[in-house]
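Enquirer: Here it is: the structure, laid out below.
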Amino acid sequence: MKKFLIKYKFSFNLFIGYASLFGPLAVMVNLNQIYEISDGVNFAVGVGITVFGIVWLIYFVINHSKITKQREKDKIRKIEKIVHSQKSAVLVRKRAFIGNFSFLSGLLSFYTAWLLFFPFSYFNSAGFWIFRGCSVVLTAFGAIFSWVIPRKMLIYKGGVLIIDNGEINKSINPDELSGWERRFEKRKGSNTFAWSLYYDLALNINGEEIILKKADSEYDLCFKKTIQTIKNMTTDKPVQTEREI
């Protein structure tokens with residue numbers, strides 16, 4: 001258990017946070033409606049989980065820097081394993097706002113339909129069962145359009161980086177990627193940069209600039225270290241010219 005907490009510290013803390021935020025109400029509803037626990041015990045359980053959530057929040061804020069650094073280390077370990085095992089990794093994909101929004105909406109509706117409404121007998125009509133089914137479909141739709149459908153714009157595979165922005169499709173040696181820059185769109189009528197949902201990633205390939213529009217990456221926090229790790233582990237390896245995605 002200790003190893004799990006250390007290795008997946010960020011994900012574990014994130015899970016505890018969401019469970020503490022949404023868990024008390026769901027637990028209290030199910031204890032009251034399904035197990036018919038007394039109101040006093042039910043209230044105590046809800047308060048206990050809430051207090052635990054507050055303590056967790058304080059811990060998370062105090063240790064945020066340490067937890068974030070641990071997440072970076074986890075990502076680097078992940079890419080090291082991928083490179084060592086000659087597997088592939090999607091480094092940058094096109095951001096899918098609709099898919100992300102659908103996934104979050106689906107999770108919220110799933111929580112409402114299956115954890116809050118389900119124990120109540122008067123929520124068992126055909127209409128509510130349709131709502132429950134739609135919550136599952138919406139969550140699945142969001143997951144597919146968030147991670148499966150979006151264009152994979154920068155991929156590491158077999159010692160090379162594969163770039164595909166819809167206009168340019170090429171394979172390069174990791175050492176050929178000499179630099180990159182995030183570019184945020186300016187707000188209309190303003191000279192300041194908008195920290196919006198979308199940014200473009202400009203890659204510098206031997207003096208040639210390639211733009212990955214509306215980029216999204218799970219390695220955002222450690223993109224530089226990720227690329228450097230790939231370079232260090234793939235030095236002097238030949239470039240594959242065939243496109244393999």
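In the structure tokens, chains take letters A, B, ... by order of appearance, with residues numbered from 1 within each chain and ligands from 1 in the order shown.
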If you run DSSP on this backbone, which residues of stretch 136-241 of chain A come out as strand (DSSP E), and could you give them as a ChimeraX atom specification?

Expert: /A:152-157,160-164,169-172,177-184,199-205,208-212,215-216

Enquirer: Using only C-alpha atoms, which of the listed residues (A:Val41, A:Pro150, A:Phe145, A:Ser109) sits closest to A:Gly133?

Expert: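 Answer, going by the shortest atom-to-atom distance: A:Ser109.
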
Enquirer: Can you build me a table of stretch 43-158 of chain A residues sitting at most 10 Å from stretch 164-173 of chain A, with the closest atom pair per residue and its distance in Å to one decimal, using only C-alpha atoms, sorted by chain and residue number, as a tab-separated table?

Expert:
residue	atom	partner	partner_atom	distance
A:Val92	CA	A:Asp164	CA	10.0
A:Arg93	CA	A:Asn165	CA	9.3
A:Lys94	CA	A:Asn165	CA	8.7
A:Arg151	CA	A:Asn165	CA	7.8
A:Lys152	CA	A:Asp164	CA	7.0
A:Met153	CA	A:Asp164	CA	4.6
A:Leu154	CA	A:Asp164	CA	6.5
A:Ile155	CA	A:Asp164	CA	8.6
A:Tyr156	CA	A:Ser171	CA	9.5
A:Lys157	CA	A:Ser171	CA	9.6

Enquirer: Show me, as a short mmCIF file (atom, residue, chain, number, x, y, z; two decimals) with all heavy atoms, in the first residue's frame, the residues that have an atom within 12 Å of A:Leu25 when counting only C-alpha atoms, minus same-chain residues fewer than 6 positions from it.

Expert:
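File produced: around.cif:
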data_model
loop_
_atom_site.label_atom_id
_atom_site.label_comp_id
_atom_site.auth_asym_id
_atom_site.auth_seq_id
_atom_site.Cartn_x
_atom_site.Cartn_y
_atom_site.Cartn_z
N ALA A 19 -13.62 12.28 -4.00
CA ALA A 19 -14.44 11.43 -3.13
C ALA A 19 -14.93 12.21 -1.92
O ALA A 19 -16.08 12.05 -1.47
CB ALA A 19 -13.63 10.21 -2.69
N LEU A 31 -27.05 5.08 2.65
CA LEU A 31 -27.22 4.53 4.00
C LEU A 31 -28.65 4.70 4.48
O LEU A 31 -29.22 3.81 5.12
CB LEU A 31 -26.25 5.22 4.97
CG LEU A 31 -24.77 4.86 4.86
CD1 LEU A 31 -23.96 5.64 5.87
CD2 LEU A 31 -24.56 3.36 5.05
N ASN A 32 -29.25 5.83 4.16
CA ASN A 32 -30.61 6.12 4.63
C ASN A 32 -31.66 5.33 3.88
O ASN A 32 -32.61 4.81 4.49
CB ASN A 32 -30.87 7.62 4.50
CG ASN A 32 -32.26 8.00 5.00
OD1 ASN A 32 -33.20 8.08 4.22
ND2 ASN A 32 -32.36 8.22 6.31
N ASN A 42 -26.14 8.26 10.36
CA ASN A 42 -25.98 8.74 8.99
C ASN A 42 -25.35 10.13 8.98
O ASN A 42 -24.42 10.40 8.21
CB ASN A 42 -27.35 8.79 8.31
CG ASN A 42 -27.24 8.81 6.80
OD1 ASN A 42 -26.15 8.81 6.25
ND2 ASN A 42 -28.37 8.86 6.12
N PHE A 43 -25.83 10.99 9.84
CA PHE A 43 -25.30 12.36 9.92
C PHE A 43 -23.83 12.33 10.37
O PHE A 43 -23.00 13.07 9.85
CB PHE A 43 -26.13 13.18 10.91
CG PHE A 43 -25.65 14.59 11.09
CD1 PHE A 43 -25.89 15.55 10.12
CD2 PHE A 43 -24.94 14.95 12.23
CE1 PHE A 43 -25.43 16.85 10.29
CE2 PHE A 43 -24.49 16.25 12.41
CZ PHE A 43 -24.73 17.20 11.43
N VAL A 45 -21.66 9.95 9.92
CA VAL A 45 -20.83 9.46 8.82
C VAL A 45 -20.57 10.59 7.82
O VAL A 45 -19.44 10.79 7.36
CB VAL A 45 -21.51 8.27 8.11
CG1 VAL A 45 -20.76 7.92 6.83
CG2 VAL A 45 -21.56 7.06 9.04
N GLY A 46 -21.64 11.32 7.48
CA GLY A 46 -21.49 12.42 6.53
C GLY A 46 -20.54 13.49 7.05
O GLY A 46 -19.68 13.98 6.31
N VAL A 47 -20.68 13.85 8.31
CA VAL A 47 -19.81 14.85 8.91
C VAL A 47 -18.37 14.34 8.95
O VAL A 47 -17.42 15.08 8.68
CB VAL A 47 -20.29 15.22 10.33
CG1 VAL A 47 -19.25 16.08 11.04
CG2 VAL A 47 -21.62 15.95 10.26
N GLY A 48 -18.20 13.05 9.29
CA GLY A 48 -16.86 12.47 9.35
C GLY A 48 -16.14 12.53 8.02
O GLY A 48 -14.97 12.91 7.95
N ILE A 49 -16.86 12.18 6.95
CA ILE A 49 -16.25 12.23 5.62
C ILE A 49 -15.92 13.67 5.23
O ILE A 49 -14.87 13.95 4.65
CB ILE A 49 -17.19 11.60 4.57
CG1 ILE A 49 -17.42 10.11 4.88
CG2 ILE A 49 -16.61 11.75 3.17
CD1 ILE A 49 -18.40 9.43 3.95
N THR A 50 -16.82 14.59 5.58
CA THR A 50 -16.60 16.00 5.27
C THR A 50 -15.37 16.54 6.00
O THR A 50 -14.54 17.24 5.41
CB THR A 50 -17.83 16.84 5.64
OG1 THR A 50 -18.99 16.34 4.95
CG2 THR A 50 -17.61 18.30 5.29
N TYR A 111 -23.08 10.19 -11.69
CA TYR A 111 -23.10 10.32 -10.23
C TYR A 111 -24.52 10.61 -9.74
O TYR A 111 -25.00 10.00 -8.77
CB TYR A 111 -22.16 11.46 -9.83
CG TYR A 111 -22.31 11.95 -8.40
CD1 TYR A 111 -21.73 11.26 -7.34
CD2 TYR A 111 -23.02 13.12 -8.12
CE1 TYR A 111 -21.86 11.72 -6.04
CE2 TYR A 111 -23.15 13.58 -6.82
CZ TYR A 111 -22.57 12.88 -5.79
OH TYR A 111 -22.71 13.33 -4.49
N THR A 112 -25.21 11.52 -10.42
CA THR A 112 -26.58 11.88 -10.02
C THR A 112 -27.54 10.72 -10.22
O THR A 112 -28.35 10.41 -9.34
CB THR A 112 -27.05 13.10 -10.83
OG1 THR A 112 -26.13 14.18 -10.65
CG2 THR A 112 -28.43 13.54 -10.37
N LEU A 115 -25.94 7.17 -8.17
CA LEU A 115 -25.59 7.22 -6.75
C LEU A 115 -26.58 8.02 -5.91
O LEU A 115 -26.80 7.70 -4.74
CB LEU A 115 -24.18 7.81 -6.58
CG LEU A 115 -23.04 6.99 -7.18
CD1 LEU A 115 -21.71 7.69 -6.95
CD2 LEU A 115 -23.01 5.58 -6.59
N LEU A 116 -27.18 9.07 -6.49
CA LEU A 116 -28.12 9.89 -5.73
C LEU A 116 -29.57 9.47 -5.94
O LEU A 116 -30.33 9.31 -4.99
CB LEU A 116 -27.95 11.37 -6.10
CG LEU A 116 -26.60 12.01 -5.77
CD1 LEU A 116 -26.63 13.49 -6.08
CD2 LEU A 116 -26.23 11.79 -4.29
N PHE A 117 -29.96 9.29 -7.21
CA PHE A 117 -31.37 8.98 -7.51
C PHE A 117 -31.71 7.50 -7.35
O PHE A 117 -32.84 7.16 -7.02
CB PHE A 117 -31.70 9.41 -8.94
CG PHE A 117 -31.81 10.89 -9.13
CD1 PHE A 117 -31.98 11.44 -10.40
CD2 PHE A 117 -31.74 11.75 -8.04
CE1 PHE A 117 -32.08 12.81 -10.56
CE2 PHE A 117 -31.82 13.13 -8.20
CZ PHE A 117 -32.00 13.66 -9.47
#

Enquirer: Fewer than 2 positions away in the same chain doesn't count, so skip those; otherwise give me all residues within 9 Å of A:Gln86, counting only C-alpha atoms, as a ChimeraX atom specification.

Expert: /A:81-84,88,157-159

Enquirer: Any chance you could tabulate, as CSV, the residues of stretch 36-130 of chain A at most 12 Å from stretch 210-228 of chain A with each one's nearest atom pair and distance in Å to one decimal, using only C-alpha atoms, in chain and rising number order?

Expert:
residue,atom,partner,partner_atom,distance
A:Thr68,CA,A:Leu221,CA,8.6
A:Lys69,CA,A:Leu221,CA,9.1
A:Gln70,CA,A:Cys222,CA,11.1
A:Arg71,CA,A:Leu221,CA,8.7
A:Glu72,CA,A:Cys222,CA,5.9
A:Lys73,CA,A:Cys222,CA,8.7
A:Asp74,CA,A:Cys222,CA,10.2
A:Lys75,CA,A:Tyr219,CA,7.0
A:Ile76,CA,A:Thr226,CA,6.1
A:Arg77,CA,A:Thr226,CA,9.5
A:Lys78,CA,A:Thr226,CA,9.6
A:Ile79,CA,A:Thr226,CA,7.0
A:Glu80,CA,A:Thr226,CA,8.7
A:Lys81,CA,A:Thr226,CA,11.9
A:Ile82,CA,A:Thr226,CA,11.3
A:Val83,CA,A:Thr226,CA,10.8
A:Ala89,CA,A:Glu218,CA,10.6
A:Val90,CA,A:Ser217,CA,8.2
A:Leu91,CA,A:Ser217,CA,5.9
A:Val92,CA,A:Ser217,CA,4.6
A:Arg93,CA,A:Asp216,CA,5.3
A:Lys94,CA,A:Ala215,CA,4.9
A:Arg95,CA,A:Asp216,CA,5.0
A:Ala96,CA,A:Asp216,CA,8.5
A:Phe97,CA,A:Lys214,CA,9.7
A:Asn100,CA,A:Asp216,CA,11.5

Enquirer: For C-alpha atoms, I'd like the residues from the last selection saved as a short mmCIF file (atom, residue, chain, number, x, y, z; two decimals), in the first residue's frame.

Expert:
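And here is the file that came out, out23.cif:
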data_model
loop_
_atom_site.label_atom_id
_atom_site.label_comp_id
_atom_site.auth_asym_id
_atom_site.auth_seq_id
_atom_site.Cartn_x
_atom_site.Cartn_y
_atom_site.Cartn_z
CA THR A 68 3.28 18.07 -8.26
CA LYS A 69 6.98 17.14 -8.34
CA GLN A 70 6.03 13.54 -7.63
CA ARG A 71 3.64 13.63 -10.58
CA GLU A 72 6.45 14.88 -12.81
CA LYS A 73 8.67 12.01 -11.64
CA ASP A 74 5.86 9.54 -12.37
CA LYS A 75 5.54 10.89 -15.92
CA ILE A 76 9.28 10.66 -16.53
CA ARG A 77 9.38 7.09 -15.19
CA LYS A 78 6.48 6.28 -17.50
CA ILE A 79 8.25 7.62 -20.59
CA GLU A 80 11.49 5.84 -19.60
CA LYS A 81 9.63 2.52 -19.49
CA ILE A 82 8.00 3.23 -22.86
CA VAL A 83 11.31 4.07 -24.55
CA ALA A 89 3.51 7.18 -26.47
CA VAL A 90 1.22 10.01 -27.56
CA LEU A 91 3.02 13.16 -26.45
CA VAL A 92 0.64 15.71 -27.96
CA ARG A 93 -2.88 15.32 -29.30
CA LYS A 94 -5.43 17.83 -30.52
CA ARG A 95 -7.48 19.22 -27.67
CA ALA A 96 -11.09 18.05 -27.75
CA PHE A 97 -13.15 20.55 -25.80
CA ASN A 100 -13.79 16.76 -22.44
#

Enquirer: Go through A:Ser85, A:Gly179, A:Lys66, A:Gly53 and flag the residue nearest A:Tyr18, using only C-alpha atoms for the distances.

Expert: A:Gly53

Enquirer: Please compute the atom CA of A:Arg132-atom CA of A:Leu104 distance, one decimal, in Å.

Expert: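 Separation of atom CA of A:Arg132 and atom CA of A:Leu104: 15.2 Å.
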
Enquirer: I need the alpha helix (DSSP H) residues of stretch 23-203 of chain A per DSSP on the backbone, written as a ChimeraX atom specification.

Expert: /A:23-33,39-62,64-84,97-110,126-147
